[in-house]
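Coordinates from query.txt are shown below (compact mmCIF, C-alpha atoms).
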```
# COMPACT_ATOMS: atom_id res chain seq x y z
CA MET Y 1 13.44 -2.66 -23.60
CA ASN Y 2 15.81 -2.51 -26.56
CA GLY Y 3 13.03 -3.14 -29.05
CA PHE Y 4 11.79 -6.25 -27.23
CA PRO Y 5 8.21 -6.63 -26.10
CA GLU Y 6 7.83 -6.38 -22.35
CA TYR Y 7 8.15 -9.83 -20.79
CA ASP Y 8 7.59 -10.26 -17.08
CA LYS Y 9 9.94 -12.57 -15.17
CA LYS Y 10 7.58 -15.55 -15.07
CA THR Y 11 6.88 -15.38 -18.80
CA LEU Y 12 10.60 -15.18 -19.51
CA ILE Y 13 11.30 -18.22 -17.34
CA LEU Y 14 8.51 -20.11 -19.12
CA ILE Y 15 9.88 -19.17 -22.55
CA ASN Y 16 13.35 -20.28 -21.52
CA LEU Y 17 12.03 -23.58 -20.17
CA ILE Y 18 10.11 -24.30 -23.36
CA LEU Y 19 13.08 -23.44 -25.54
CA PHE Y 20 15.46 -25.42 -23.35
CA GLU Y 21 13.14 -28.42 -23.51
CA VAL Y 22 13.04 -28.26 -27.31
CA LEU Y 23 16.82 -27.84 -27.56
CA LEU Y 24 17.39 -30.70 -25.13
CA VAL Y 25 15.10 -33.01 -27.08
CA LEU Y 26 16.81 -32.08 -30.32
CA VAL Y 27 20.36 -32.49 -29.04
CA THR Y 28 19.57 -35.73 -27.19
CA ASN Y 29 17.89 -37.03 -30.28
CA VAL Y 30 20.88 -36.30 -32.46
CA TRP Y 31 23.33 -37.83 -29.99
CA VAL Y 32 21.24 -40.90 -29.43
CA SER Y 33 20.75 -41.58 -33.12
CA ILE Y 34 24.42 -40.99 -33.93
CA GLY Y 35 25.61 -42.96 -30.93
CA LEU Y 36 23.40 -45.98 -31.57
CA GLU Y 37 24.30 -46.03 -35.23
CA GLN Y 38 28.01 -45.95 -34.43
CA LEU Y 39 27.77 -48.53 -31.66
CA TRP Y 40 25.37 -51.10 -33.10
CA GLY Y 41 24.92 -50.01 -36.68
CA VAL Y 42 21.27 -49.25 -36.00
CA SER Y 43 20.00 -46.24 -37.87
CA LEU Y 44 17.32 -44.33 -36.05
CA ASN Y 45 17.20 -41.60 -38.67
CA SER Y 46 13.57 -42.13 -39.58
CA LEU Y 47 12.49 -42.37 -35.95
CA SER Y 48 14.57 -39.40 -34.86
CA ARG Y 49 13.11 -37.22 -37.59
CA VAL Y 50 9.61 -38.06 -36.42
CA THR Y 51 10.44 -37.19 -32.82
CA ILE Y 52 12.21 -34.02 -33.93
CA VAL Y 53 9.13 -32.92 -35.85
CA ILE Y 54 6.96 -33.75 -32.82
CA SER Y 55 9.21 -31.84 -30.42
CA VAL Y 56 9.28 -28.83 -32.72
CA ILE Y 57 5.48 -28.90 -33.01
CA VAL Y 58 5.19 -29.15 -29.21
CA GLY Y 59 7.61 -26.26 -28.72
CA VAL Y 60 5.98 -23.98 -31.28
CA SER Y 61 2.49 -24.84 -29.97
CA SER Y 62 3.64 -24.00 -26.44
CA LEU Y 63 4.87 -20.62 -27.60
CA PHE Y 64 1.59 -19.91 -29.40
CA LEU Y 65 -0.26 -21.01 -26.27
CA LEU Y 66 1.83 -18.59 -24.28
CA ARG Y 67 0.90 -15.83 -26.71
CA GLU Y 68 -2.77 -16.71 -26.27
CA ILE Y 69 -2.43 -16.67 -22.48
CA ASN Y 70 -0.82 -13.26 -22.71
CA ARG Y 71 -3.62 -12.01 -24.95
CA LEU Y 72 -6.18 -13.18 -22.41
CA ALA Y 73 -4.25 -11.44 -19.63
CA GLU Y 74 -4.28 -8.24 -21.68
CA THR Y 75 -8.03 -8.59 -22.23
CA GLU Y 76 -8.50 -9.04 -18.49
CA GLN Y 77 -6.42 -5.93 -17.85
CA GLU Y 78 -8.57 -4.01 -20.36
CA ALA Y 79 -11.70 -5.26 -18.62
CA LYS Y 80 -10.35 -4.02 -15.28
CA THR Y 81 -9.60 -0.61 -16.79
CA ASN Y 82 -13.08 -0.48 -18.28
CA GLN Y 83 -14.53 -1.41 -14.89
CA ILE Y 84 -12.67 1.52 -13.31
CA LEU Y 85 -14.01 3.83 -16.03
CA LEU Y 86 -17.51 2.46 -15.48
CA ASP Y 87 -17.25 3.06 -11.72
CA GLU Y 88 -16.03 6.58 -12.38
CA SER Y 89 -18.94 7.19 -14.75
CA LYS Y 90 -21.39 5.89 -12.13
CA GLU Y 91 -19.93 8.27 -9.55
CA THR Y 92 -20.19 11.14 -12.02
CA ILE Y 93 -23.84 10.29 -12.75
CA THR Y 94 -24.57 10.20 -9.01
CA LEU Y 95 -22.87 13.58 -8.65
CA LEU Y 96 -24.89 15.02 -11.55
CA ARG Y 97 -28.12 13.68 -9.98
CA THR Y 98 -27.17 15.44 -6.74
CA HIS Y 99 -26.57 18.66 -8.68
CA ARG Y 100 -29.94 18.23 -10.42
CA HIS Y 101 -31.66 17.64 -7.10
CA ASP Y 102 -29.96 20.75 -5.64
CA PHE Y 103 -30.97 22.74 -8.69
CA MET Y 104 -34.61 21.73 -8.30
CA ASN Y 105 -34.46 22.83 -4.67
CA HIS Y 106 -32.97 26.17 -5.72
CA LEU Y 107 -35.76 26.69 -8.25
CA GLN Y 108 -38.38 25.96 -5.59
CA VAL Y 109 -36.76 28.48 -3.22
CA ILE Y 110 -36.71 31.13 -5.99
CA ILE Y 111 -40.38 30.45 -6.86
CA GLY Y 112 -41.20 30.71 -3.15
CA LEU Y 113 -39.36 34.04 -2.82
CA LEU Y 114 -41.06 35.40 -5.94
CA GLN Y 115 -44.50 34.29 -4.67
CA LEU Y 116 -43.77 36.19 -1.48
CA ASN Y 117 -42.80 39.14 -3.70
CA LYS Y 118 -39.29 39.21 -2.25
CA VAL Y 119 -37.66 40.14 -5.57
CA ASP Y 120 -34.41 41.49 -4.03
CA ASP Y 121 -33.95 38.33 -1.98
CA SER Y 122 -34.53 36.17 -5.02
CA PHE Y 123 -31.90 38.20 -6.96
CA GLU Y 124 -29.43 37.71 -4.15
CA TYR Y 125 -30.22 34.02 -4.04
CA VAL Y 126 -29.72 33.65 -7.81
CA ASN Y 127 -26.36 35.48 -7.55
CA GLN Y 128 -25.26 33.04 -4.85
CA ILE Y 129 -26.16 30.11 -7.08
CA ILE Y 130 -24.22 31.66 -9.98
CA GLY Y 131 -21.20 31.90 -7.72
CA ASP Y 132 -21.51 28.23 -6.83
CA MET Y 133 -22.06 27.22 -10.43
CA LYS Y 134 -18.79 28.84 -11.53
CA THR Y 135 -16.99 25.76 -10.25
CA VAL Y 136 -19.10 23.54 -12.47
CA PHE Y 137 -18.46 25.80 -15.46
CA ARG Y 138 -14.71 25.65 -14.79
CA GLU Y 139 -14.88 21.84 -14.78
CA SER Y 140 -16.77 21.81 -18.05
CA ALA Y 141 -13.83 23.70 -19.62
CA ILE Y 142 -11.98 20.37 -19.55
CA GLU Y 143 -12.91 18.49 -22.70
CA ASN Y 144 -11.55 15.07 -21.81
CA PRO Y 145 -14.37 13.17 -20.06
CA ILE Y 146 -12.02 11.26 -17.71
CA MET Y 147 -10.35 14.45 -16.51
CA ALA Y 148 -13.68 16.30 -16.35
CA ALA Y 149 -15.14 13.54 -14.16
CA LEU Y 150 -12.05 13.64 -11.96
CA PHE Y 151 -12.31 17.40 -11.45
CA MET Y 152 -16.00 17.12 -10.71
CA LYS Y 153 -15.33 14.58 -7.97
CA LYS Y 154 -12.40 16.53 -6.55
CA SER Y 155 -14.45 19.76 -6.55
CA SER Y 156 -17.03 17.97 -4.48
CA LEU Y 157 -14.31 16.74 -2.07
CA ALA Y 158 -12.78 20.24 -1.87
CA GLU Y 159 -16.18 21.72 -1.12
CA GLN Y 160 -16.68 19.22 1.73
CA ARG Y 161 -13.30 20.22 3.20
CA ASP Y 162 -14.01 23.93 2.74
CA VAL Y 163 -11.20 24.29 0.21
CA ASN Y 164 -11.43 26.46 -2.90
CA LEU Y 165 -10.36 24.35 -5.90
CA ILE Y 166 -9.34 26.56 -8.82
CA THR Y 167 -8.64 25.11 -12.26
CA THR Y 168 -6.85 27.02 -15.01
CA ILE Y 169 -7.06 25.20 -18.31
CA SER Y 170 -4.84 26.85 -20.93
CA SER Y 171 -4.33 23.57 -22.76
CA GLN Y 172 -6.45 20.44 -23.18
CA LEU Y 173 -3.17 18.45 -23.20
CA TYR Y 174 -4.09 16.64 -26.41
CA GLY Y 175 -1.10 14.62 -27.59
CA ILE Y 176 0.35 14.26 -24.11
CA PRO Y 177 2.44 11.04 -24.09
CA ILE Y 178 0.44 9.37 -21.28
CA SER Y 179 -3.01 7.83 -21.17
CA PHE Y 180 -5.67 9.99 -19.55
CA ILE Y 181 -6.37 7.10 -17.16
CA ASP Y 182 -2.79 7.25 -15.84
CA LEU Y 183 -2.91 11.05 -15.89
CA SER Y 184 -6.12 11.06 -13.85
CA ARG Y 185 -4.43 8.79 -11.26
CA ILE Y 186 -1.47 11.18 -11.06
CA VAL Y 187 -3.48 14.41 -10.91
CA GLY Y 188 -6.09 12.81 -8.63
CA ASN Y 189 -3.41 11.81 -6.13
CA LEU Y 190 -1.78 15.25 -6.20
CA ILE Y 191 -5.15 17.02 -5.77
CA ASP Y 192 -6.07 14.73 -2.84
CA ASN Y 193 -2.77 15.59 -1.14
CA ALA Y 194 -3.20 19.28 -1.91
CA ILE Y 195 -6.75 19.35 -0.53
CA TYR Y 196 -5.56 17.47 2.58
CA ALA Y 197 -2.74 20.00 3.14
CA ALA Y 198 -4.86 23.07 2.37
CA ALA Y 199 -7.70 21.90 4.63
CA LYS Y 200 -5.27 21.76 7.55
CA ASP Y 201 -4.21 25.37 6.98
CA ILE Y 202 -5.47 27.42 9.93
CA SER Y 203 -4.83 30.78 8.27
CA GLY Y 204 -8.15 30.47 6.49
CA ASN Y 205 -6.85 30.86 2.94
CA LYS Y 206 -7.54 27.33 1.78
CA VAL Y 207 -6.82 27.22 -1.93
CA VAL Y 208 -5.77 24.50 -4.33
CA GLU Y 209 -4.94 25.56 -7.87
CA VAL Y 210 -4.52 23.14 -10.77
CA THR Y 211 -3.09 24.41 -14.06
CA PHE Y 212 -2.91 22.66 -17.44
CA SER Y 213 -0.69 24.41 -19.98
CA GLU Y 214 1.86 23.69 -22.67
CA SER Y 215 5.04 25.26 -24.02
CA PHE Y 216 6.54 24.71 -27.48
CA ASP Y 217 8.29 21.54 -26.32
CA ALA Y 218 6.39 20.25 -23.29
CA TYR Y 219 3.04 19.67 -21.61
CA LEU Y 220 2.91 21.24 -18.16
CA ILE Y 221 0.69 20.49 -15.19
CA SER Y 222 0.97 22.11 -11.80
CA VAL Y 223 -0.89 21.45 -8.56
CA GLN Y 224 -0.45 24.19 -5.99
CA ASN Y 225 -1.78 24.48 -2.45
CA THR Y 226 -1.70 26.98 0.36
CA GLY Y 227 -1.12 24.39 3.09
CA ALA Y 228 2.00 24.01 5.21
CA LEU Y 229 5.22 24.04 3.17
CA ILE Y 230 7.22 20.86 2.74
CA PRO Y 231 10.82 21.44 3.90
CA GLU Y 232 13.30 21.49 1.02
CA GLU Y 233 15.34 18.62 2.50
CA LEU Y 234 12.27 16.39 2.12
CA SER Y 235 11.60 17.36 -1.49
CA LYS Y 236 13.19 14.14 -2.79
CA LYS Y 237 12.24 11.90 0.11
CA ILE Y 238 8.49 12.46 -0.23
CA PHE Y 239 8.53 10.44 -3.47
CA GLU Y 240 10.02 7.41 -1.75
CA LYS Y 241 7.92 4.34 -1.02
CA GLY Y 242 6.53 4.36 2.53
CA PHE Y 243 7.34 8.01 3.24
CA THR Y 244 4.40 10.13 4.39
CA THR Y 245 3.86 13.48 6.10
CA LYS Y 246 0.26 12.53 6.95
CA GLY Y 247 1.11 10.28 9.89
CA SER Y 248 -1.47 7.53 10.36
CA ASP Y 249 -3.67 9.11 7.64
CA GLY Y 250 -1.18 8.28 4.89
CA SER Y 251 0.16 5.06 3.39
CA GLY Y 252 3.31 6.54 1.86
CA LEU Y 253 2.34 5.11 -1.52
CA GLY Y 254 0.54 8.03 -3.21
CA LEU Y 255 3.51 10.12 -4.32
CA TYR Y 256 5.59 7.00 -4.95
CA ILE Y 257 2.93 5.78 -7.42
CA VAL Y 258 2.70 9.27 -8.90
CA ARG Y 259 6.45 9.43 -9.54
CA SER Y 260 6.49 5.87 -10.95
CA LEU Y 261 3.65 6.66 -13.36
CA VAL Y 262 5.23 9.96 -14.42
CA GLU Y 263 8.64 8.40 -15.05
CA LYS Y 264 7.15 5.34 -16.77
CA ASN Y 265 5.56 7.72 -19.26
CA GLY Y 266 8.74 9.72 -19.84
CA GLY Y 267 7.79 12.72 -17.71
CA GLN Y 268 9.35 14.56 -14.78
CA ILE Y 269 7.95 15.69 -11.46
CA GLU Y 270 9.40 18.17 -9.01
CA LEU Y 271 8.35 19.91 -5.86
CA ASN Y 272 8.85 23.65 -5.45
CA ASN Y 273 7.92 26.09 -2.74
CA LYS Y 274 6.72 29.25 -4.46
CA ASP Y 275 5.41 32.42 -2.80
CA GLY Y 276 4.59 30.51 0.36
CA THR Y 277 2.73 27.78 -1.50
CA THR Y 278 3.61 24.17 -2.26
CA VAL Y 279 3.73 23.42 -5.99
CA PHE Y 280 4.09 20.08 -7.73
CA ASN Y 281 5.20 20.64 -11.31
CA LEU Y 282 4.79 17.91 -13.91
CA MET Y 283 6.45 18.04 -17.31
CA PHE Y 284 5.93 15.68 -20.25
CA PRO Y 285 8.12 16.39 -23.27
CA LYS Y 286 6.44 16.72 -26.67
CA GLY Y 287 7.39 14.44 -29.52
CA ASN Y 288 7.98 11.34 -27.36
CA MET I 1 42.36 -28.27 -38.29
CA GLN I 2 39.86 -25.45 -38.65
CA ASP I 3 40.68 -23.30 -41.65
CA LEU I 4 40.22 -19.54 -41.47
CA TRP I 5 38.18 -19.71 -44.67
CA VAL I 6 35.49 -21.54 -42.73
CA LEU I 7 35.44 -18.75 -40.18
CA PHE I 8 35.12 -15.97 -42.73
CA LEU I 9 32.86 -17.75 -45.20
CA PHE I 10 30.59 -19.68 -42.86
CA TYR I 11 30.78 -19.38 -39.05
CA ILE I 12 30.23 -15.60 -39.01
CA GLU I 13 27.34 -15.78 -41.49
CA GLU I 14 25.78 -18.73 -39.67
CA ALA I 15 25.97 -16.99 -36.28
CA ALA I 16 24.59 -13.72 -37.70
CA ALA I 17 21.63 -15.45 -39.38
CA ALA I 18 20.89 -17.57 -36.30
CA VAL I 19 20.96 -14.65 -33.90
CA PHE I 20 18.83 -12.59 -36.28
CA LEU I 21 16.28 -15.42 -36.21
CA GLY I 22 16.51 -15.80 -32.44
CA LEU I 23 15.93 -12.10 -31.84
CA SER I 24 13.20 -11.76 -34.48
CA LEU I 25 11.22 -14.81 -33.41
CA LEU I 26 11.08 -13.42 -29.87
CA GLY I 27 9.58 -10.16 -31.09
CA ASN I 28 12.69 -7.98 -31.41
CA LYS I 29 13.65 -5.91 -34.45
CA PRO I 30 17.42 -6.42 -34.44
CA SER I 31 19.67 -3.71 -35.88
CA LEU I 32 22.13 -4.70 -38.62
CA LYS I 33 25.01 -3.41 -36.50
CA ASN I 34 24.09 -5.69 -33.59
CA VAL I 35 23.55 -8.72 -35.82
CA ILE I 36 26.92 -8.24 -37.52
CA SER I 37 28.75 -7.61 -34.23
CA ILE I 38 27.26 -10.71 -32.64
CA GLY I 39 27.90 -12.74 -35.82
CA VAL I 40 31.59 -11.80 -35.90
CA LEU I 41 32.22 -12.42 -32.19
CA GLN I 42 30.23 -15.67 -32.07
CA GLY I 43 31.84 -16.84 -35.34
CA ILE I 44 35.30 -16.33 -33.85
CA ILE I 45 34.36 -18.20 -30.66
CA VAL I 46 32.84 -21.13 -32.59
CA TRP I 47 36.00 -21.28 -34.67
CA LEU I 48 38.22 -21.19 -31.55
CA VAL I 49 36.18 -23.81 -29.71
CA ARG I 50 36.21 -26.19 -32.67
CA PHE I 51 39.92 -25.49 -33.16
CA LEU I 52 40.61 -26.47 -29.54
CA PHE I 53 38.40 -29.56 -29.77
CA PHE I 54 40.24 -30.72 -32.90
CA THR I 55 43.65 -29.85 -31.46
CA PHE I 56 43.09 -31.82 -28.27
CA ASN I 57 41.06 -34.55 -29.96
CA ILE I 58 37.96 -33.91 -27.88
CA PRO I 59 34.88 -35.43 -29.51
CA LEU I 60 32.39 -32.80 -30.67
CA GLY I 61 29.15 -32.52 -28.70
CA LEU I 62 30.17 -30.50 -25.69
CA HIS I 63 31.05 -27.69 -28.09
CA VAL I 64 27.30 -27.05 -28.48
CA LEU I 65 27.02 -26.16 -24.80
CA LEU I 66 30.12 -23.93 -24.83
CA THR I 67 29.07 -22.03 -27.94
CA LEU I 68 25.51 -21.69 -26.61
CA ILE I 69 26.84 -20.10 -23.43
CA SER I 70 29.14 -17.81 -25.41
CA LEU I 71 26.22 -16.72 -27.63
CA ILE I 72 24.08 -15.92 -24.58
CA ILE I 73 26.90 -13.81 -23.09
CA ILE I 74 27.60 -12.00 -26.38
CA VAL I 75 23.90 -11.24 -26.99
CA ARG I 76 23.56 -9.99 -23.41
CA PHE I 77 26.40 -7.50 -23.74
CA ILE I 78 25.90 -6.36 -27.35
CA THR I 79 22.13 -5.81 -27.18
CA LYS I 80 22.14 -4.86 -23.47
CA ILE I 81 19.09 -7.00 -22.75
CA SER I 82 18.47 -9.04 -19.58
CA TRP I 83 20.07 -12.44 -19.00
CA GLY I 84 16.67 -14.10 -19.26
CA LEU I 85 16.04 -12.64 -22.69
CA SER I 86 19.56 -13.28 -24.00
CA SER I 87 19.29 -16.88 -22.85
CA ALA I 88 15.97 -17.24 -24.71
CA VAL I 89 17.56 -15.68 -27.82
CA GLY I 90 20.54 -18.07 -27.56
CA LEU I 91 18.30 -21.12 -27.18
CA MET I 92 16.06 -20.03 -30.04
CA SER I 93 19.06 -19.45 -32.31
CA PHE I 94 20.50 -22.88 -31.55
CA ILE I 95 17.17 -24.60 -32.03
CA THR I 96 16.87 -23.16 -35.54
CA ILE I 97 20.43 -24.24 -36.38
CA ILE I 98 19.98 -27.76 -35.02
CA ILE I 99 16.62 -28.29 -36.70
CA SER I 100 18.08 -27.27 -40.02
CA GLU I 101 21.25 -29.35 -39.59
CA VAL I 102 19.45 -32.46 -38.39
CA MET I 103 17.13 -32.31 -41.37
CA LEU I 104 19.69 -31.56 -44.05
CA TYR I 105 23.23 -32.60 -43.03
CA PRO I 106 22.67 -36.35 -43.56
CA TRP I 107 21.20 -35.60 -46.95
CA ALA I 108 24.18 -33.32 -47.86
CA TYR I 109 26.71 -35.98 -46.84
CA LYS I 110 24.83 -38.61 -48.78
CA LEU I 111 24.64 -36.35 -51.83
CA PHE I 112 28.42 -35.87 -51.99
CA GLY I 113 29.38 -39.27 -50.58
CA LEU I 114 31.06 -37.73 -47.54
CA ASN I 115 31.08 -38.28 -43.81
CA VAL I 116 31.61 -35.85 -40.90
CA GLU I 117 35.38 -36.35 -40.79
CA THR I 118 36.09 -36.06 -44.49
CA ALA I 119 33.83 -33.03 -44.81
CA ASN I 120 35.44 -31.27 -41.86
CA ASN I 121 38.96 -31.97 -43.11
CA SER I 122 38.40 -30.06 -46.32
CA PRO I 123 37.51 -26.36 -45.95
CA PHE I 124 35.70 -26.45 -49.29
CA TRP I 125 33.46 -29.41 -48.43
CA HIS I 126 33.03 -28.13 -44.89
CA ILE I 127 31.63 -24.85 -46.20
CA VAL I 128 29.51 -26.49 -48.91
CA THR I 129 27.93 -29.11 -46.62
CA ALA I 130 27.52 -26.58 -43.82
CA TYR I 131 25.62 -24.19 -46.11
CA ILE I 132 23.42 -27.02 -47.33
CA GLY I 133 22.91 -28.17 -43.73
CA ASP I 134 21.97 -24.67 -42.60
CA SER I 135 20.02 -23.73 -45.73
CA LEU I 136 16.70 -24.24 -43.95
CA MET I 137 17.81 -21.84 -41.21
CA PHE I 138 19.02 -19.26 -43.75
CA LEU I 139 15.74 -19.59 -45.64
CA LEU I 140 13.79 -19.14 -42.41
CA ALA I 141 15.87 -16.04 -41.55
CA PHE I 142 15.12 -14.62 -45.00
CA VAL I 143 11.38 -15.29 -44.68
CA VAL I 144 11.23 -13.90 -41.13
CA GLY I 145 13.17 -10.79 -42.23
CA LEU I 146 10.75 -10.32 -45.10
CA THR I 147 7.50 -10.98 -43.25
CA LYS I 148 8.55 -9.62 -39.81
CA PHE I 149 7.01 -12.77 -38.35
CA SER I 150 7.56 -13.48 -34.66
CA LEU I 151 6.48 -16.40 -32.52
CA ILE I 152 5.66 -14.21 -29.55
CA LYS I 153 4.23 -10.74 -29.71
CA MET I 154 3.69 -9.24 -26.31
CA LYS I 155 2.94 -5.73 -25.23
```
Output the file's structure as structure tokens, nothing else.
Amino acid sequence: MNGFPEYDKKTLILINLILFEVLLVLVTNVWVSIGLEQLWGVSLNSLSRVTIVISVIVGVSSLFLLREINRLAETEQEAKTNQILLDESKETITLLRTHRHDFMNHLQVIIGLLQLNKVDDSFEYVNQIIGDMKTVFRESAIENPIMAALFMKKSSLAEQRDVNLITTISSQLYGIPISFIDLSRIVGNLIDNAIYAAAKDISGNKVVEVTFSESFDAYLISVQNTGALIPEELSKKIFEKGFTTKGSDGSGLGLYIVRSLVEKNGGQIELNNKDGTTVFNLMFPKGN
Amino acid sequence: MQDLWVLFLFYIEEAAAAVFLGLSLLGNKPSLKNVISIGVLQGIIVWLVRFLFFTFNIPLGLHVLLTLISLIIIVRFITKISWGLSSAVGLMSFITIIISEVMLYPWAYKLFGLNVETANNSPFWHIVTAYIGDSLMFLLAFVVGLTKFSLIKMK
């Protein structure tokens, strides 16, 4: 905001009140001392200077107190963010434990097949596992732990809904002018919507594709799904607060939050219908 | 009668330094262009207000309120910040001026054997006593400009 720190309304009112109080004390003090001296010849100079010093000390202390309160609020905000990260990590650990448990089961099945001398069946079984594991390998192509955890969770969700989640990582998006926490909220919301739309597709081709790439002047993210297309006339409206195409399943806040976060961080979001698929394109300019 | 010398040699400089302090102490890094623009406009308004008060023999005092309001409006439109912020900047600027003047004006008058009327009637003494009266504010502006100190630093 024009080089100013960001003040919320309440803080600004408090600052104004403190400053007004100090100014009022000062001006009243001056008028009283001058007035009394002129009327009765009583000089209150020494007294007024003491009260002026006191009022200035009170005012400055109040401002420093305000700064301290703000610092504590920031710390609290950081703690909340860390709590979210911790929860995400816990979920990831649970997911990894599930994978480990599944893997142990797979090994036992393979050992069983080999003991029964069913070598061809064991080969087939191993190939099936490799196919399943490809998803995990794709997720591990994402270096950022927050995004990797997000994709791991969303892969699990996609699997539950019988949707094929494909990730194409041509860029790790290092240097993108948005925190990975905000980015994970944006991409997470878009993937949730895409999985929801794709899962409802009765044609059977249930695919969600997420792409991370970059051009010479921008970071690009796209989330594409094969679900029902969103009519062009709604392409702007879907970002409005309270608007949803999910009926009672939706709150109408997801895409509104997504757009707010994107714009807050200097990016752009648009909806396109391409080759019969719905695509949300995100763009964050480089050098911001 | 307010002489134009006072406008050019003091009011503009005083307003510029005060608004620089007001903006800086609230965490802003004011541009020179904005500080000068505000200084010139506010200087002219202070000069006009005092001119009117002297012309119509209105005792000074209320002029503080009028010039405070004008400063808030000027800051709002030059820096394009919110009303809340411009009002805080205006109040902060006036506080620094008044603190300095309250501390030093009596001393300046005593030093030269003057009073408010005699000092204001002579452009030379008006400028000299005003600079002495505001010297604490100018010094503070210099220190703040040098150290980039601000009372409130918020993210």
Could you list the residues in chain Y lying within 10 Å of chain I, using only C-alpha atoms, and format the result as a ChimeraX atom specification?
/Y:1-7,9,11-27,29-31,45,48-49,52-53,56,60-61,63-68,70-71,74
Take the residues from that selection and put them in a file with C-alpha atoms, as a PDB file, in the coordinates of the input.
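The resulting file, selection-v3.pdb, is shown below:
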```pdb
ATOM      1  CA  MET Y   1      13.440  -2.660 -23.600  1.00  0.00           C
ATOM      2  CA  ASN Y   2      15.810  -2.510 -26.560  1.00  0.00           C
ATOM      3  CA  GLY Y   3      13.030  -3.140 -29.050  1.00  0.00           C
ATOM      4  CA  PHE Y   4      11.790  -6.250 -27.230  1.00  0.00           C
ATOM      5  CA  PRO Y   5       8.210  -6.630 -26.100  1.00  0.00           C
ATOM      6  CA  GLU Y   6       7.830  -6.380 -22.350  1.00  0.00           C
ATOM      7  CA  TYR Y   7       8.150  -9.830 -20.790  1.00  0.00           C
ATOM      8  CA  LYS Y   9       9.940 -12.570 -15.170  1.00  0.00           C
ATOM      9  CA  THR Y  11       6.880 -15.380 -18.800  1.00  0.00           C
ATOM     10  CA  LEU Y  12      10.600 -15.180 -19.510  1.00  0.00           C
ATOM     11  CA  ILE Y  13      11.300 -18.220 -17.340  1.00  0.00           C
ATOM     12  CA  LEU Y  14       8.510 -20.110 -19.120  1.00  0.00           C
ATOM     13  CA  ILE Y  15       9.880 -19.170 -22.550  1.00  0.00           C
ATOM     14  CA  ASN Y  16      13.350 -20.280 -21.520  1.00  0.00           C
ATOM     15  CA  LEU Y  17      12.030 -23.580 -20.170  1.00  0.00           C
ATOM     16  CA  ILE Y  18      10.110 -24.300 -23.360  1.00  0.00           C
ATOM     17  CA  LEU Y  19      13.080 -23.440 -25.540  1.00  0.00           C
ATOM     18  CA  PHE Y  20      15.460 -25.420 -23.350  1.00  0.00           C
ATOM     19  CA  GLU Y  21      13.140 -28.420 -23.510  1.00  0.00           C
ATOM     20  CA  VAL Y  22      13.040 -28.260 -27.310  1.00  0.00           C
ATOM     21  CA  LEU Y  23      16.820 -27.840 -27.560  1.00  0.00           C
ATOM     22  CA  LEU Y  24      17.390 -30.700 -25.130  1.00  0.00           C
ATOM     23  CA  VAL Y  25      15.100 -33.010 -27.080  1.00  0.00           C
ATOM     24  CA  LEU Y  26      16.810 -32.080 -30.320  1.00  0.00           C
ATOM     25  CA  VAL Y  27      20.360 -32.490 -29.040  1.00  0.00           C
ATOM     26  CA  ASN Y  29      17.890 -37.030 -30.280  1.00  0.00           C
ATOM     27  CA  VAL Y  30      20.880 -36.300 -32.460  1.00  0.00           C
ATOM     28  CA  TRP Y  31      23.330 -37.830 -29.990  1.00  0.00           C
ATOM     29  CA  ASN Y  45      17.200 -41.600 -38.670  1.00  0.00           C
ATOM     30  CA  SER Y  48      14.570 -39.400 -34.860  1.00  0.00           C
ATOM     31  CA  ARG Y  49      13.110 -37.220 -37.590  1.00  0.00           C
ATOM     32  CA  ILE Y  52      12.210 -34.020 -33.930  1.00  0.00           C
ATOM     33  CA  VAL Y  53       9.130 -32.920 -35.850  1.00  0.00           C
ATOM     34  CA  VAL Y  56       9.280 -28.830 -32.720  1.00  0.00           C
ATOM     35  CA  VAL Y  60       5.980 -23.980 -31.280  1.00  0.00           C
ATOM     36  CA  SER Y  61       2.490 -24.840 -29.970  1.00  0.00           C
ATOM     37  CA  LEU Y  63       4.870 -20.620 -27.600  1.00  0.00           C
ATOM     38  CA  PHE Y  64       1.590 -19.910 -29.400  1.00  0.00           C
ATOM     39  CA  LEU Y  65      -0.260 -21.010 -26.270  1.00  0.00           C
ATOM     40  CA  LEU Y  66       1.830 -18.590 -24.280  1.00  0.00           C
ATOM     41  CA  ARG Y  67       0.900 -15.830 -26.710  1.00  0.00           C
ATOM     42  CA  GLU Y  68      -2.770 -16.710 -26.270  1.00  0.00           C
ATOM     43  CA  ASN Y  70      -0.820 -13.260 -22.710  1.00  0.00           C
ATOM     44  CA  ARG Y  71      -3.620 -12.010 -24.950  1.00  0.00           C
ATOM     45  CA  GLU Y  74      -4.280  -8.240 -21.680  1.00  0.00           C
TER      46      GLU Y  74
END
```
Which residues come within 8 Å of segment 161-166 of chain Y, counting only C-alpha atoms, excluding same-chain residues fewer than 4 positions away, as a ChimeraX atom specification?
/Y:135,155,157,195,198-199,206-210
Using all atoms listed in the file, which residues sit within 12 Å of Gly276 of chain Y once same-chain residues fewer than 2 positions away are excluded, as a PyMOL selection string?
chain Y and resi 205+224-231+272-274+278-279
For Ile78 of chain I, please output as a ChimeraX atom specification all residues within 8 Å (counting only C-alpha atoms; exclusion window: fewer than 3 positions along the same chain).
/I:34,37-38,74-75
